[in-house]
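Read the structure below first, then the notes.
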Amino acid sequence: MTMDPARLLRRAFAPVRQRYTARDCALYALSLGIGADPLDARRLAYVMEETARPFPTMANVLGYAGFWAREPDTGIDWRRLLHVEQSMTLHAPLARAGEVVGHTRVTGVVDKGVAKGALLHQERRIVAADSGQLLAEVGQVSLLRGDGGCGSTTDAVTPPHRMPERAPDAVHDLPTLPQAALLYRLNGDTNPVHADPGTARAAGFDRPVLHGLCTFGMAVHALLASALDWDDSRLHRLRVRFTAPVLPGDTLRTESWTDGDVVSFRTTAVERGAVVLDAGRADLIRP
(Lines give C-alpha, C1' and ligand atoms only; values in the text may rest on other atoms or scores of the structure.)
Protein backbone atom coordinates (compact mmCIF):
# COMPACT_ATOMS: atom_id res chain seq x y z
CA MET A 1 0.00 0.00 0.00
CA THR A 2 1.29 3.46 -0.96
CA MET A 3 1.30 6.12 1.72
CA ASP A 4 -1.54 8.62 1.27
CA PRO A 5 -1.01 11.84 3.29
CA ALA A 6 -4.70 12.76 3.18
CA ARG A 7 -5.63 9.36 4.59
CA LEU A 8 -3.08 9.75 7.38
CA LEU A 9 -4.58 13.13 8.24
CA ARG A 10 -7.98 11.44 8.63
CA ARG A 11 -6.61 8.46 10.53
CA ALA A 12 -8.51 7.87 13.77
CA PHE A 13 -6.50 6.98 16.87
CA ALA A 14 -8.27 5.39 19.81
CA PRO A 15 -7.62 7.25 23.07
CA VAL A 16 -4.91 5.49 25.05
CA ARG A 17 -5.70 5.14 28.74
CA GLN A 18 -2.63 4.42 30.84
CA ARG A 19 -2.19 3.86 34.54
CA TYR A 20 1.32 4.43 35.88
CA THR A 21 2.89 3.92 39.29
CA ALA A 22 5.82 5.18 41.33
CA ARG A 23 7.75 2.19 40.01
CA ASP A 24 7.17 3.35 36.41
CA CYS A 25 8.46 6.81 37.35
CA ALA A 26 11.60 5.26 38.83
CA LEU A 27 12.15 3.04 35.77
CA TYR A 28 11.84 6.01 33.43
CA ALA A 29 14.36 8.05 35.43
CA LEU A 30 16.80 5.13 35.61
CA SER A 31 16.60 4.74 31.83
CA LEU A 32 17.93 8.32 31.53
CA GLY A 33 20.96 7.53 33.67
CA ILE A 34 19.56 9.19 36.78
CA GLY A 35 20.83 7.49 39.93
CA ALA A 36 24.33 6.77 38.60
CA ASP A 37 25.62 8.70 41.61
CA PRO A 38 24.12 6.85 44.59
CA LEU A 39 25.07 9.70 46.95
CA ASP A 40 23.29 12.53 45.11
CA ALA A 41 19.97 13.02 46.92
CA ARG A 42 18.63 15.34 44.22
CA ARG A 43 18.85 12.56 41.65
CA LEU A 44 17.70 9.85 44.05
CA ALA A 45 14.42 11.73 44.48
CA TYR A 46 13.46 10.54 40.98
CA VAL A 47 14.35 6.88 41.42
CA MET A 48 13.25 5.99 44.97
CA GLU A 49 9.68 4.69 44.99
CA GLU A 50 9.14 6.34 48.38
CA THR A 51 9.59 9.77 46.80
CA ALA A 52 9.13 8.97 43.08
CA ARG A 53 9.22 12.52 41.74
CA PRO A 54 8.23 12.07 38.07
CA PHE A 55 10.96 13.31 35.76
CA PRO A 56 9.41 16.08 33.60
CA THR A 57 10.08 14.49 30.21
CA MET A 58 8.19 11.36 31.30
CA ALA A 59 5.19 12.98 29.61
CA ASN A 60 6.79 11.86 26.33
CA VAL A 61 6.02 8.20 27.08
CA LEU A 62 2.53 8.56 28.58
CA GLY A 63 -0.63 7.87 26.59
CA TYR A 64 1.57 6.78 23.70
CA ALA A 65 -0.27 5.30 20.72
CA GLY A 66 2.59 2.89 20.00
CA PHE A 67 4.68 2.54 16.88
CA TRP A 68 1.60 2.89 14.69
CA ALA A 69 3.61 3.72 11.53
CA ARG A 70 4.35 0.00 11.35
CA GLU A 71 0.67 -0.85 10.74
CA PRO A 72 -0.04 -2.02 7.16
CA ASP A 73 -2.85 0.48 6.58
CA THR A 74 -0.45 3.46 6.83
CA GLY A 75 1.59 2.57 3.73
CA ILE A 76 4.66 4.00 5.48
CA ASP A 77 8.09 2.50 4.79
CA TRP A 78 8.57 2.26 8.55
CA ARG A 79 12.05 0.72 8.47
CA ARG A 80 13.34 3.99 6.99
CA LEU A 81 11.52 6.27 9.44
CA LEU A 82 13.67 8.61 11.52
CA HIS A 83 12.52 10.65 14.51
CA VAL A 84 13.90 14.13 13.74
CA GLU A 85 12.18 16.58 16.08
CA GLN A 86 10.32 16.60 19.38
CA SER A 87 8.54 19.27 21.36
CA MET A 88 6.58 19.25 24.59
CA THR A 89 4.65 21.76 26.66
CA LEU A 90 4.06 21.04 30.34
CA HIS A 91 0.81 22.48 31.65
CA ALA A 92 0.64 20.84 35.10
CA PRO A 93 2.95 18.68 37.21
CA LEU A 94 2.59 14.92 36.83
CA ALA A 95 1.37 13.07 39.89
CA ARG A 96 3.59 10.39 41.46
CA ALA A 97 1.07 7.82 40.26
CA GLY A 98 -2.18 8.07 38.37
CA GLU A 99 -4.10 7.46 35.19
CA VAL A 100 -3.88 9.52 32.03
CA VAL A 101 -5.44 9.48 28.56
CA GLY A 102 -3.48 10.26 25.42
CA HIS A 103 -5.19 11.68 22.32
CA THR A 104 -3.04 11.41 19.17
CA ARG A 105 -3.56 12.87 15.71
CA VAL A 106 -1.56 13.49 12.55
CA THR A 107 -1.37 17.23 11.90
CA GLY A 108 0.43 17.39 8.57
CA VAL A 109 2.74 15.90 5.95
CA VAL A 110 5.40 17.95 4.16
CA ASP A 111 6.74 16.33 0.98
CA LYS A 112 10.45 17.15 0.48
CA GLY A 113 10.77 15.29 -2.83
CA VAL A 114 11.33 11.73 -4.02
CA ALA A 115 15.00 11.67 -3.02
CA LYS A 116 14.54 13.51 0.28
CA GLY A 117 11.47 11.88 1.85
CA ALA A 118 8.56 13.46 3.69
CA LEU A 119 8.06 14.99 7.13
CA LEU A 120 5.21 13.56 9.20
CA HIS A 121 3.90 15.81 11.98
CA GLN A 122 1.83 14.42 14.85
CA GLU A 123 0.71 15.66 18.24
CA ARG A 124 -0.54 14.08 21.45
CA ARG A 125 -2.57 15.72 24.21
CA ILE A 126 -2.21 14.06 27.60
CA VAL A 127 -5.01 14.61 30.10
CA ALA A 128 -5.78 13.35 33.60
CA ALA A 129 -8.26 10.49 33.31
CA ASP A 130 -10.34 11.57 36.31
CA SER A 131 -10.63 15.33 35.74
CA GLY A 132 -9.77 15.84 32.08
CA GLN A 133 -7.14 18.40 33.07
CA LEU A 134 -4.58 18.99 30.34
CA LEU A 135 -1.20 17.88 31.66
CA ALA A 136 1.03 18.08 28.60
CA GLU A 137 1.12 18.45 24.83
CA VAL A 138 3.70 16.50 22.86
CA GLY A 139 4.70 17.11 19.25
CA GLN A 140 6.75 14.78 17.05
CA VAL A 141 8.21 15.10 13.57
CA SER A 142 9.40 12.02 11.68
CA LEU A 143 11.34 11.90 8.44
CA LEU A 144 9.88 9.23 6.18
CA ARG A 145 12.95 8.58 4.05
CA GLY A 146 11.20 6.09 1.79
CA ASP A 147 8.01 8.07 1.14
CA GLY A 148 9.09 11.20 -0.70
CA GLY A 149 6.98 12.27 -3.67
CA CYS A 150 3.75 11.55 -1.79
CA GLY A 151 2.40 15.11 -1.86
CA SER A 152 1.98 17.59 0.99
CA THR A 153 -0.98 18.49 3.17
CA THR A 154 0.82 21.65 4.36
CA ASP A 155 3.96 23.61 3.58
CA ALA A 156 4.26 25.06 7.09
CA VAL A 157 7.64 24.26 8.66
CA THR A 158 8.76 25.87 11.92
CA PRO A 159 12.32 27.19 11.54
CA PRO A 160 14.89 25.82 13.99
CA HIS A 161 15.77 27.72 17.12
CA ARG A 162 18.75 30.00 16.50
CA MET A 163 21.65 29.02 18.73
CA PRO A 164 23.87 31.60 20.48
CA GLU A 165 27.29 32.15 18.94
CA ARG A 166 29.20 32.69 22.21
CA ALA A 167 30.88 30.02 24.31
CA PRO A 168 28.41 27.93 26.36
CA ASP A 169 27.51 29.01 29.88
CA ALA A 170 27.51 25.41 31.14
CA VAL A 171 28.72 21.99 29.97
CA HIS A 172 27.66 18.65 31.43
CA ASP A 173 28.71 15.13 30.39
CA LEU A 174 26.61 11.99 30.90
CA PRO A 175 27.63 8.46 29.91
CA THR A 176 25.18 6.05 28.30
CA LEU A 177 25.17 2.34 29.03
CA PRO A 178 25.77 -0.25 26.28
CA GLN A 179 22.31 -1.61 27.13
CA ALA A 180 20.71 1.85 27.30
CA ALA A 181 18.28 1.29 24.39
CA LEU A 182 17.15 -2.07 25.81
CA LEU A 183 16.43 -0.36 29.12
CA TYR A 184 14.67 2.66 27.61
CA ARG A 185 12.37 0.52 25.43
CA LEU A 186 10.75 -0.79 28.64
CA ASN A 187 9.00 2.60 28.77
CA GLY A 188 6.86 1.47 25.82
CA ASP A 189 8.74 2.39 22.64
CA THR A 190 9.40 -1.01 21.10
CA ASN A 191 10.56 0.06 17.62
CA PRO A 192 12.93 -2.84 16.76
CA VAL A 193 15.52 -0.49 15.24
CA HIS A 194 16.58 0.15 18.85
CA ALA A 195 16.98 -3.51 19.77
CA ASP A 196 17.26 -5.85 16.79
CA PRO A 197 20.55 -5.77 14.83
CA GLY A 198 18.89 -7.03 11.63
CA THR A 199 16.24 -4.31 11.66
CA ALA A 200 18.89 -1.70 12.41
CA ARG A 201 20.98 -2.82 9.42
CA ALA A 202 17.91 -2.73 7.17
CA ALA A 203 17.37 0.86 8.29
CA GLY A 204 20.93 1.78 7.35
CA PHE A 205 22.64 1.56 10.74
CA ASP A 206 25.55 -0.67 11.71
CA ARG A 207 23.90 -1.51 15.03
CA PRO A 208 20.78 -0.63 17.07
CA VAL A 209 20.64 3.05 17.95
CA LEU A 210 19.35 4.85 21.02
CA HIS A 211 15.83 6.28 21.06
CA GLY A 212 15.75 9.98 20.26
CA LEU A 213 13.49 10.51 23.25
CA CYS A 214 16.12 8.95 25.50
CA THR A 215 18.66 11.44 24.14
CA PHE A 216 16.11 14.22 24.74
CA GLY A 217 15.54 13.10 28.33
CA MET A 218 19.26 12.85 29.00
CA ALA A 219 19.79 16.35 27.63
CA VAL A 220 17.15 17.65 30.06
CA HIS A 221 18.86 15.62 32.81
CA ALA A 222 22.05 17.53 31.96
CA LEU A 223 20.22 20.89 31.94
CA LEU A 224 18.77 20.28 35.38
CA ALA A 225 22.17 19.30 36.73
CA SER A 226 24.06 22.22 35.20
CA ALA A 227 21.79 25.18 34.35
CA LEU A 228 18.71 24.82 36.55
CA ASP A 229 20.09 23.55 39.88
CA TRP A 230 17.55 20.68 39.76
CA ASP A 231 14.53 23.02 39.80
CA ASP A 232 12.35 21.13 37.29
CA SER A 233 9.28 23.22 38.22
CA ARG A 234 10.62 25.97 35.94
CA LEU A 235 10.42 23.87 32.76
CA HIS A 236 7.47 24.85 30.59
CA ARG A 237 8.17 24.27 26.89
CA LEU A 238 10.93 22.26 25.21
CA ARG A 239 11.86 21.72 21.59
CA VAL A 240 14.78 19.82 20.04
CA ARG A 241 16.04 18.52 16.71
CA PHE A 242 17.76 15.15 16.39
CA THR A 243 20.67 15.52 13.99
CA ALA A 244 22.55 12.20 14.26
CA PRO A 245 21.96 8.82 15.90
CA VAL A 246 23.32 8.04 19.35
CA LEU A 247 25.03 4.69 19.83
CA PRO A 248 24.49 3.08 23.23
CA GLY A 249 27.76 3.56 25.10
CA ASP A 250 28.35 7.10 23.78
CA THR A 251 29.16 9.88 26.24
CA LEU A 252 26.69 12.74 25.76
CA ARG A 253 27.99 16.27 26.31
CA THR A 254 25.27 18.91 26.66
CA GLU A 255 26.25 22.56 26.27
CA SER A 256 23.77 25.23 27.34
CA TRP A 257 23.31 28.99 27.06
CA THR A 258 20.99 30.85 29.45
CA ASP A 259 19.37 34.10 28.30
CA GLY A 260 16.70 35.17 30.76
CA ASP A 261 13.86 32.66 30.59
CA VAL A 262 15.27 30.82 27.55
CA VAL A 263 17.91 28.10 27.74
CA SER A 264 19.44 27.01 24.43
CA PHE A 265 21.20 23.65 24.32
CA ARG A 266 23.07 21.23 22.09
CA THR A 267 24.27 17.66 22.72
CA THR A 268 27.33 15.95 21.21
CA ALA A 269 28.44 12.31 21.25
CA VAL A 270 31.92 13.00 22.60
CA GLU A 271 33.84 9.99 21.32
CA ARG A 272 32.62 10.46 17.74
CA GLY A 273 32.47 14.26 17.73
CA ALA A 274 28.91 14.05 16.36
CA VAL A 275 26.26 16.64 17.18
CA VAL A 276 23.27 14.41 17.98
CA LEU A 277 20.79 17.00 19.26
CA ASP A 278 20.71 20.59 18.11
CA ALA A 279 18.60 23.75 18.15
CA GLY A 280 17.40 22.83 21.64
CA ARG A 281 15.29 25.40 23.40
CA ALA A 282 13.78 25.34 26.89
CA ASP A 283 11.31 28.08 27.84
CA LEU A 284 11.22 28.57 31.58
CA ILE A 285 8.67 29.79 34.07
CA ARG A 286 9.96 32.78 36.02
CA PRO A 287 10.99 31.86 39.58
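Chain identifiers are assigned as A, B, and so on, following the order in which chains appear in the C-alpha coordinates; residues are numbered from 1 within each chain, and ligands are numbered from 1 in order of appearance.
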
Selection near stretch 75-83 of chain A, 7 Å with only C-alpha atoms, sequence-local residues under 3 positions removed, as a list in words: Met1, Thr2, Met3, Ala69, Arg70, Pro72, Val141, Ser142, Leu143, Leu144, Arg145, Gly146, Asp147, Ala202, Ala203 and Gly212 of chain A

Export of prior selection with all heavy atoms as a JSON list (two decimals), in the first residue's frame:
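And here is the file that came out, result-v4.json:
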```
[["chain", "number", "residue", "atom", "x", "y", "z"],
["A", 1, "MET", "N", 0.84, -1.20, 0.00],
["A", 1, "MET", "CA", 0.00, 0.00, 0.00],
["A", 1, "MET", "C", 0.88, 1.25, 0.00],
["A", 1, "MET", "O", 1.83, 1.35, 0.77],
["A", 1, "MET", "CB", -0.92, 0.01, 1.23],
["A", 1, "MET", "CG", -1.77, 1.26, 1.37],
["A", 1, "MET", "SD", -2.78, 1.25, 2.85],
["A", 1, "MET", "CE", -3.92, -0.06, 2.46],
["A", 2, "THR", "N", 0.56, 2.20, -0.89],
["A", 2, "THR", "CA", 1.29, 3.46, -0.96],
["A", 2, "THR", "C", 0.79, 4.41, 0.12],
["A", 2, "THR", "O", -0.41, 4.48, 0.39],
["A", 2, "THR", "CB", 1.10, 4.11, -2.35],
["A", 2, "THR", "OG1", 1.54, 3.19, -3.35],
["A", 2, "THR", "CG2", 1.90, 5.40, -2.44],
["A", 3, "MET", "N", 1.70, 5.16, 0.70],
["A", 3, "MET", "CA", 1.30, 6.12, 1.72],
["A", 3, "MET", "C", 0.47, 7.24, 1.10],
["A", 3, "MET", "O", 0.85, 7.83, 0.09],
["A", 3, "MET", "CB", 2.52, 6.70, 2.42],
["A", 3, "MET", "CG", 2.17, 7.49, 3.68],
["A", 3, "MET", "SD", 3.54, 8.46, 4.30],
["A", 3, "MET", "CE", 3.48, 9.90, 3.24],
["A", 69, "ALA", "N", 3.15, 3.63, 12.92],
["A", 69, "ALA", "CA", 3.61, 3.72, 11.53],
["A", 69, "ALA", "C", 3.90, 2.34, 10.93],
["A", 69, "ALA", "O", 3.96, 2.18, 9.71],
["A", 69, "ALA", "CB", 4.86, 4.59, 11.44],
["A", 70, "ARG", "N", 4.06, 1.35, 11.79],
["A", 70, "ARG", "CA", 4.35, 0.00, 11.35],
["A", 70, "ARG", "C", 3.10, -0.74, 10.85],
["A", 70, "ARG", "O", 3.20, -1.79, 10.21],
["A", 70, "ARG", "CB", 4.98, -0.77, 12.52],
["A", 70, "ARG", "CG", 5.67, -2.06, 12.16],
["A", 70, "ARG", "CD", 6.32, -2.67, 13.40],
["A", 70, "ARG", "NE", 7.02, -3.90, 13.09],
["A", 70, "ARG", "CZ", 7.67, -4.64, 13.99],
["A", 70, "ARG", "NH1", 7.69, -4.25, 15.27],
["A", 70, "ARG", "NH2", 8.28, -5.75, 13.64],
["A", 72, "PRO", "N", 0.04, -1.92, 8.64],
["A", 72, "PRO", "CA", -0.04, -2.02, 7.16],
["A", 72, "PRO", "C", -0.90, -0.95, 6.51],
["A", 72, "PRO", "O", -0.64, -0.55, 5.37],
["A", 72, "PRO", "CB", -0.64, -3.42, 6.94],
["A", 72, "PRO", "CG", -0.32, -4.18, 8.18],
["A", 72, "PRO", "CD", -0.35, -3.18, 9.29],
["A", 141, "VAL", "N", 8.00, 15.05, 15.01],
["A", 141, "VAL", "CA", 8.21, 15.10, 13.57],
["A", 141, "VAL", "C", 9.09, 13.92, 13.18],
["A", 141, "VAL", "O", 10.15, 13.70, 13.78],
["A", 141, "VAL", "CB", 8.88, 16.43, 13.13],
["A", 141, "VAL", "CG1", 9.03, 16.45, 11.61],
["A", 141, "VAL", "CG2", 8.06, 17.63, 13.60],
["A", 142, "SER", "N", 8.64, 13.16, 12.19],
["A", 142, "SER", "CA", 9.40, 12.02, 11.68],
["A", 142, "SER", "C", 9.73, 12.25, 10.22],
["A", 142, "SER", "O", 8.90, 12.75, 9.46],
["A", 142, "SER", "CB", 8.59, 10.72, 11.82],
["A", 142, "SER", "OG", 8.25, 10.48, 13.17],
["A", 143, "LEU", "N", 10.94, 11.86, 9.84],
["A", 143, "LEU", "CA", 11.34, 11.90, 8.44],
["A", 143, "LEU", "C", 11.09, 10.53, 7.85],
["A", 143, "LEU", "O", 11.67, 9.53, 8.29],
["A", 143, "LEU", "CB", 12.82, 12.27, 8.31],
["A", 143, "LEU", "CG", 13.41, 12.20, 6.89],
["A", 143, "LEU", "CD1", 12.69, 13.17, 5.96],
["A", 143, "LEU", "CD2", 14.91, 12.48, 6.91],
["A", 144, "LEU", "N", 10.20, 10.47, 6.87],
["A", 144, "LEU", "CA", 9.88, 9.23, 6.18],
["A", 144, "LEU", "C", 10.77, 9.15, 4.94],
["A", 144, "LEU", "O", 10.42, 9.64, 3.87],
["A", 144, "LEU", "CB", 8.39, 9.20, 5.80],
["A", 144, "LEU", "CG", 7.41, 9.53, 6.95],
["A", 144, "LEU", "CD1", 5.98, 9.47, 6.46],
["A", 144, "LEU", "CD2", 7.62, 8.62, 8.14],
["A", 145, "ARG", "N", 11.94, 8.55, 5.11],
["A", 145, "ARG", "CA", 12.95, 8.58, 4.05],
["A", 145, "ARG", "C", 12.53, 7.84, 2.80],
["A", 145, "ARG", "O", 13.02, 8.12, 1.70],
["A", 145, "ARG", "CB", 14.26, 8.01, 4.58],
["A", 145, "ARG", "CG", 14.92, 8.86, 5.67],
["A", 145, "ARG", "CD", 16.20, 8.21, 6.16],
["A", 145, "ARG", "NE", 15.95, 6.97, 6.87],
["A", 145, "ARG", "CZ", 16.88, 6.05, 7.15],
["A", 145, "ARG", "NH1", 18.12, 6.25, 6.74],
["A", 145, "ARG", "NH2", 16.57, 4.95, 7.81],
["A", 146, "GLY", "N", 11.61, 6.89, 2.94],
["A", 146, "GLY", "CA", 11.20, 6.09, 1.79],
["A", 146, "GLY", "C", 9.89, 6.53, 1.17],
["A", 146, "GLY", "O", 9.35, 5.84, 0.30],
["A", 147, "ASP", "N", 9.35, 7.69, 1.59],
["A", 147, "ASP", "CA", 8.01, 8.07, 1.14],
["A", 147, "ASP", "C", 7.96, 9.45, 0.50],
["A", 147, "ASP", "O", 6.90, 10.08, 0.45],
["A", 147, "ASP", "CB", 7.04, 8.01, 2.34],
["A", 147, "ASP", "CG", 6.92, 6.62, 2.90],
["A", 147, "ASP", "OD1", 6.41, 5.73, 2.20],
["A", 147, "ASP", "OD2", 7.37, 6.38, 4.05],
["A", 202, "ALA", "N", 18.84, -3.01, 8.26],
["A", 202, "ALA", "CA", 17.91, -2.73, 7.17],
["A", 202, "ALA", "C", 17.57, -1.25, 7.10],
["A", 202, "ALA", "O", 17.23, -0.72, 6.04],
["A", 202, "ALA", "CB", 16.63, -3.56, 7.34],
["A", 203, "ALA", "N", 17.65, -0.57, 8.24],
["A", 203, "ALA", "CA", 17.37, 0.86, 8.29],
["A", 203, "ALA", "C", 18.59, 1.70, 7.95],
["A", 203, "ALA", "O", 18.50, 2.93, 7.92],
["A", 203, "ALA", "CB", 16.85, 1.24, 9.68],
["A", 212, "GLY", "N", 15.60, 8.53, 20.19],
["A", 212, "GLY", "CA", 15.75, 9.98, 20.26],
["A", 212, "GLY", "C", 15.20, 10.55, 21.55],
["A", 212, "GLY", "O", 15.77, 11.49, 22.12]]
```

Check the DSSP output for the backbone and give back, as a count of residues only, the residues of stretch 75-221 of chain A in strand (DSSP E). 55

Could I get the residues of stretch 53-105 of chain A with an atom no further than 10 Å from an atom of stretch 282-285 of chain A, each paired with its nearest atom pair and that distance in Å to one decimal, using only C-alpha atoms, sorted by chain and residue number, as a Markdown table?
```
| residue | atom | partner | partner_atom | distance |
| --- | --- | --- | --- | --- |
| A:Ser87 | CA | A:Ala282 | CA | 9.7 |
| A:Met88 | CA | A:Ala282 | CA | 9.7 |
| A:Thr89 | CA | A:Asp283 | CA | 9.3 |
```

Only C-alpha atoms, please: the residues just picked out, written as a PDB file, in the first residue's frame.
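Contents of the output file result-v1.pdb:
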```pdb
ATOM      1  CA  SER A  87       8.536  19.266  21.362  1.00  0.00           C
ATOM      2  CA  MET A  88       6.580  19.251  24.585  1.00  0.00           C
ATOM      3  CA  THR A  89       4.652  21.765  26.661  1.00  0.00           C
TER       4      THR A  89
END
```

Give me the residues within 10 Å of A:Val220 as a PyMOL selection string, counting only C-alpha atoms and dropping any in the same chain fewer than 2 places off. chain A and resi 32+55-57+214-218+222-228+232+235+238+254+265+280+282

Excluding stretch 12-16 of chain A and its own-chain neighbours fewer than 3 positions away, which residues fall within 12 Å of it when counting only C-alpha atoms? Please give them as a PyMOL selection string. chain A and resi 7-9+19+61-66+68-69+73-74+99-107+122-129

Could you list, as a short mmCIF file (atom, residue, chain, number, x, y, z; two decimals) with N, CA and C atoms, in the first residue's frame, every residue within 9 Å of A:Val109, counting only C-alpha atoms and ignoring same-chain residues fewer than 2 positions away?
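After the write, result.cif holds the following:
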```cif
data_model
loop_
_atom_site.label_atom_id
_atom_site.label_comp_id
_atom_site.auth_asym_id
_atom_site.auth_seq_id
_atom_site.Cartn_x
_atom_site.Cartn_y
_atom_site.Cartn_z
N PRO A 5 -1.00 10.84 2.23
CA PRO A 5 -1.01 11.84 3.29
C PRO A 5 -2.41 12.24 3.74
N ALA A 6 -3.33 12.36 2.80
CA ALA A 6 -4.70 12.76 3.18
C ALA A 6 -5.34 11.70 4.06
N LEU A 8 -3.72 9.67 6.07
CA LEU A 8 -3.08 9.75 7.38
C LEU A 8 -3.68 10.88 8.21
N LEU A 9 -3.99 11.99 7.54
CA LEU A 9 -4.58 13.13 8.24
C LEU A 9 -5.95 12.78 8.81
N VAL A 106 -2.51 12.99 13.54
CA VAL A 106 -1.56 13.49 12.55
C VAL A 106 -1.98 14.90 12.17
N THR A 107 -1.02 15.83 12.17
CA THR A 107 -1.37 17.23 11.90
C THR A 107 -0.88 17.72 10.54
N ASP A 111 5.99 17.10 1.96
CA ASP A 111 6.74 16.33 0.98
C ASP A 111 8.00 17.10 0.59
N ALA A 118 9.66 12.60 3.27
CA ALA A 118 8.56 13.46 3.69
C ALA A 118 8.60 13.60 5.21
N LEU A 119 8.13 14.74 5.70
CA LEU A 119 8.06 14.99 7.13
C LEU A 119 6.63 14.74 7.62
N LEU A 120 6.50 13.88 8.61
CA LEU A 120 5.21 13.56 9.20
C LEU A 120 5.11 14.24 10.56
N HIS A 121 4.12 15.09 10.73
CA HIS A 121 3.90 15.81 11.98
C HIS A 121 2.72 15.19 12.74
N CYS A 150 5.12 11.92 -2.15
CA CYS A 150 3.75 11.55 -1.79
C CYS A 150 2.77 12.71 -1.89
N GLY A 151 3.27 13.94 -1.90
CA GLY A 151 2.40 15.11 -1.86
C GLY A 151 2.29 15.65 -0.45
N SER A 152 2.05 16.94 -0.32
CA SER A 152 1.98 17.59 0.99
C SER A 152 0.55 17.92 1.36
N THR A 153 0.30 17.96 2.67
CA THR A 153 -0.98 18.49 3.17
C THR A 153 -0.79 19.90 3.70
N THR A 154 0.48 20.31 3.88
CA THR A 154 0.82 21.65 4.36
C THR A 154 2.24 21.96 3.95
N ASP A 155 2.57 23.23 3.86
CA ASP A 155 3.96 23.61 3.58
C ASP A 155 4.55 24.36 4.77
#
```

A:Leu182 surroundings by only C-alpha atoms, 9 Å radius, close-in-sequence under 5 positions cut, as a PDB file with N, CA, C and O atoms, in the first residue's frame:
```pdb
ATOM      1  N   HIS A 194      15.814  -0.144  17.643  1.00  0.00           N
ATOM      2  CA  HIS A 194      16.577   0.150  18.853  1.00  0.00           C
ATOM      3  C   HIS A 194      17.043  -1.115  19.575  1.00  0.00           C
ATOM      4  O   HIS A 194      17.728  -1.013  20.597  1.00  0.00           O
ATOM      5  N   ALA A 195      16.655  -2.280  19.050  1.00  0.00           N
ATOM      6  CA  ALA A 195      16.982  -3.510  19.769  1.00  0.00           C
ATOM      7  C   ALA A 195      17.471  -4.640  18.875  1.00  0.00           C
ATOM      8  O   ALA A 195      18.313  -5.438  19.289  1.00  0.00           O
ATOM      9  N   LEU A 210      20.126   4.417  19.864  1.00  0.00           N
ATOM     10  CA  LEU A 210      19.352   4.853  21.020  1.00  0.00           C
ATOM     11  C   LEU A 210      18.117   5.635  20.573  1.00  0.00           C
ATOM     12  O   LEU A 210      18.141   6.342  19.566  1.00  0.00           O
TER      13      LEU A 210
END
```

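Contact shell of A:Asp250 at 6 Å (only C-alpha atoms; same-chain neighbours under 2 positions omitted): Thr176, Leu247, Pro248 and Ala269 of chain A.
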
Mind giving me the straight-line distance from atom CA of A:Ala219 to atom CA of A:Arg201 in Å, one decimal?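 Between atom CA of A:Ala219 and atom CA of A:Arg201 the gap works out to 26.5 Å.
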
Which parts of stretch 17-154 of chain A does DSSP call alpha helix (DSSP H) when run on the backbone here, written out as a ChimeraX atom specification? /A:22-31,41-44

A:Val171, A:Ala22, A:Ala156, A:Ala45 ranked by distance to A:Val110, top pick (using only C-alpha atoms):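 Nearest to A:Val110: A:Ala156.
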